[in-house]
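Trainee: Below is a structure I'd like to ask you about.
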Amino acid sequence: MYPFLFPKARFVHAVAVMLLAASMQSRAVDLTGTPWESAAKRHGLDPVLLYALAVEATPRPSGPHSVSPWPWTLGANGRPRFYDTRAAALADLRTMVKKTDDVDVGLLQVNVKRHARHVGDPSSLLDARINLVVAADILAAAIDAAGGEPALGIGRFRHPRDDRAARVLGRRVLRLADALRRSPARTDPHAFFDLWRAGAVLDRVAGPESRGNFHAWDRHAEQSEVQLADLTVGAVRGRR
């Protein structure tokens with residue numbers, strides 16, 4: 001259920017990361033000794049948080065009730081496209097960057113334009129280990145700059161100029177991370193997948209309905225002062 005954990009020993013790049021899935025249904029997710037832990041610890045981050053952010057960034061179905069972050073992913077306009085091989089992703093990446101550098105690359109969808117100072121050759125971001133290290137650097141800096149508001153910092157990884165959208169994303173990633181830490185003995189084995197799926201559906205609906213603003217309501221699509229997610233049902237109804 002919590003697949004895609006890098007092997008603790010030798011990293012075999014090709015059979016890629018596709019075969020790195022490990023069933024975690026019998027215990028809580030354990031990233032000890034993996035590149036997730038190594039990249040996160042450089043900045044004092046929780047590797048589970050980094051993994052949850054990756055699930056949000058590149059959620060590829062890996063079974064009827066599971067999703068996994070996927071290293072060979074390219075994104076444009078917030079829409080990820082998954083490739084079966086690194087070679088296929090690399091071919092498209094080379095074509096894309098000739099037209100624009102506003103491209104999201106790899107496991108955590110590092111944006112080439114926004115994070116140019118962290119990126120040399122964009123193709124290096126298709127290497128999962130490199131992508132993790134770069135993403136951890138960016139995430140740690142964003143959290144530090146958020147002034148004690150973790151959700152805001154996490155969300156700025158994807159939405160650096162939209163704090164409203166950043167908070168929505170950050171809170172969802174924190175909920176996913178919390179679900180990953182729980183022992184299946186205390187929770188439904190499908191709870192993590194269901195939680196992720198609910199967020200994905202909300203994203204799909206929020207785009208055309210409110211331009212991604214989860215705190216919009218009738219005739220107030222652009223409002224950002226009231227955080228509806230923080231209110232009770234009665235308080236929300238009182239706003240109508």
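Convention: chains lettered A, B, ... in structure tokens order; per-chain residue numbering from 1; ligands numbered from 1 as shown.
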So which residues touch Leu45 of chain A within 9 Å, counting only C-alpha atoms, skipping near sequence neighbours fewer than 4 positions away, as a ChimeraX atom specification?

Mentor: /A:37,39-41,49-50,136,139-140

Trainee: Within 9 Å of His159 of chain A, counting only C-alpha atoms, which residues qualify if same-chain residues fewer than 6 places away don't, as a PyMOL selection string?

Mentor: chain A and resi 165-166+169

Trainee: By how many Å are atom CA of Ala87 of chain A and atom CA of Phe157 of chain A apart?

Mentor: 26.6 Å

Trainee: Kindly give the distance, in Å, that separates atom CA of Ser123 of chain A and atom CA of Ser68 of chain A, rounded to a single decimal.

Mentor: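 Value for the atom CA of Ser123 of chain A-atom CA of Ser68 of chain A distance: 21.2 Å.
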
Trainee: Could you give me, as a tab-separated table (two decimals) with C-alpha atoms, in the first residue's frame, the residues within 10 Å of Ile130 of chain A, counting only C-alpha atoms and dropping anything in the same chain fewer than 5 positions from it?

Mentor:
chain	number	residue	atom	x	y	z
A	35	PRO	CA	17.59	7.71	-0.06
A	39	ALA	CA	17.99	13.42	1.52
A	106	GLY	CA	11.02	13.95	-11.95
A	107	LEU	CA	9.97	12.38	-8.70
A	119	VAL	CA	19.49	22.67	-11.35
A	124	SER	CA	19.67	15.01	-14.10
A	125	LEU	CA	16.34	15.49	-12.33
A	135	ALA	CA	13.73	18.74	-3.70
A	136	ALA	CA	14.79	18.42	-0.06

Trainee: Between atom CA of Val55 of chain A and atom CA of Ala88 of chain A, what is the spacing in Å?

Mentor: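 According to the coordinates, atom CA of Ala88 of chain A and atom CA of Val55 of chain A are separated by 21.4 Å.
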
Trainee: Name all residues at most 10 Å from Ala142 of chain A (count only C-alpha atoms; drop same-chain ones fewer than 4 positions away) and give them as a list of chain:residue names.

Mentor: A:Ala136, A:Asp137, A:Ile138, A:Ala146, A:Gly147, A:Pro150, A:Leu152, A:Gly153, A:Ile154, A:Gly155, A:Arg156, A:Phe157, A:Pro160

Trainee: Any chance you can output those residues with N, CA and C atoms as a PDB file, in the first residue's frame?

Mentor:
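This went into selection-v3.pdb:
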ATOM      1  N   ALA A 136      14.637  18.226  -1.501  1.00  0.00           N
ATOM      2  CA  ALA A 136      14.794  18.420  -0.060  1.00  0.00           C
ATOM      3  C   ALA A 136      15.408  19.783   0.236  1.00  0.00           C
ATOM      4  N   ASP A 137      16.366  20.212  -0.576  1.00  0.00           N
ATOM      5  CA  ASP A 137      16.964  21.540  -0.414  1.00  0.00           C
ATOM      6  C   ASP A 137      15.898  22.626  -0.546  1.00  0.00           C
ATOM      7  N   ILE A 138      15.084  22.509  -1.597  1.00  0.00           N
ATOM      8  CA  ILE A 138      14.052  23.512  -1.875  1.00  0.00           C
ATOM      9  C   ILE A 138      12.993  23.516  -0.776  1.00  0.00           C
ATOM     10  N   ALA A 146       8.867  30.180   5.979  1.00  0.00           N
ATOM     11  CA  ALA A 146       7.432  30.298   6.238  1.00  0.00           C
ATOM     12  C   ALA A 146       7.122  30.793   7.648  1.00  0.00           C
ATOM     13  N   GLY A 147       8.141  31.061   8.430  1.00  0.00           N
ATOM     14  CA  GLY A 147       7.917  31.643   9.749  1.00  0.00           C
ATOM     15  C   GLY A 147       7.111  30.797  10.706  1.00  0.00           C
ATOM     16  N   PRO A 150       4.358  25.340   9.019  1.00  0.00           N
ATOM     17  CA  PRO A 150       4.810  24.238   8.156  1.00  0.00           C
ATOM     18  C   PRO A 150       3.961  24.050   6.907  1.00  0.00           C
ATOM     19  N   LEU A 152       2.274  26.130   5.157  1.00  0.00           N
ATOM     20  CA  LEU A 152       2.573  27.166   4.175  1.00  0.00           C
ATOM     21  C   LEU A 152       3.902  26.878   3.481  1.00  0.00           C
ATOM     22  N   GLY A 153       4.913  26.518   4.266  1.00  0.00           N
ATOM     23  CA  GLY A 153       6.215  26.227   3.681  1.00  0.00           C
ATOM     24  C   GLY A 153       6.174  25.045   2.741  1.00  0.00           C
ATOM     25  N   ILE A 154       5.504  23.986   3.151  1.00  0.00           N
ATOM     26  CA  ILE A 154       5.386  22.795   2.304  1.00  0.00           C
ATOM     27  C   ILE A 154       4.679  23.139   0.999  1.00  0.00           C
ATOM     28  N   GLY A 155       3.584  23.861   1.105  1.00  0.00           N
ATOM     29  CA  GLY A 155       2.809  24.204  -0.080  1.00  0.00           C
ATOM     30  C   GLY A 155       3.528  25.127  -1.034  1.00  0.00           C
ATOM     31  N   ARG A 156       4.429  25.950  -0.500  1.00  0.00           N
ATOM     32  CA  ARG A 156       5.183  26.860  -1.374  1.00  0.00           C
ATOM     33  C   ARG A 156       6.152  26.122  -2.271  1.00  0.00           C
ATOM     34  N   PHE A 157       6.394  24.866  -1.990  1.00  0.00           N
ATOM     35  CA  PHE A 157       7.217  24.062  -2.889  1.00  0.00           C
ATOM     36  C   PHE A 157       6.605  24.072  -4.287  1.00  0.00           C
ATOM     37  N   PRO A 160       4.792  28.901  -4.911  1.00  0.00           N
ATOM     38  CA  PRO A 160       5.623  29.884  -4.196  1.00  0.00           C
ATOM     39  C   PRO A 160       5.029  31.280  -4.141  1.00  0.00           C
TER      40      PRO A 160
END

Trainee: From the options A:Ala52, A:Val29, A:Met96, A:Ala57, which residue's atoms come nearest to Gln109 of chain A, counting only C-alpha atoms?

Mentor: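 Between A:Ala52, A:Val29, A:Met96, A:Ala57, the residue approaching Gln109 of chain A most closely is A:Ala57.
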
Trainee: Write out as a VMD selection string all residues of segment 56-193 of chain A that DSSP puts in helix (DSSP H, G or I) for this structure's backbone.

Mentor: chain A and resid 56 to 57 86 to 97 116 to 118 122 to 126 128 to 145 150 to 155 163 to 181 184 to 186 191 to 193
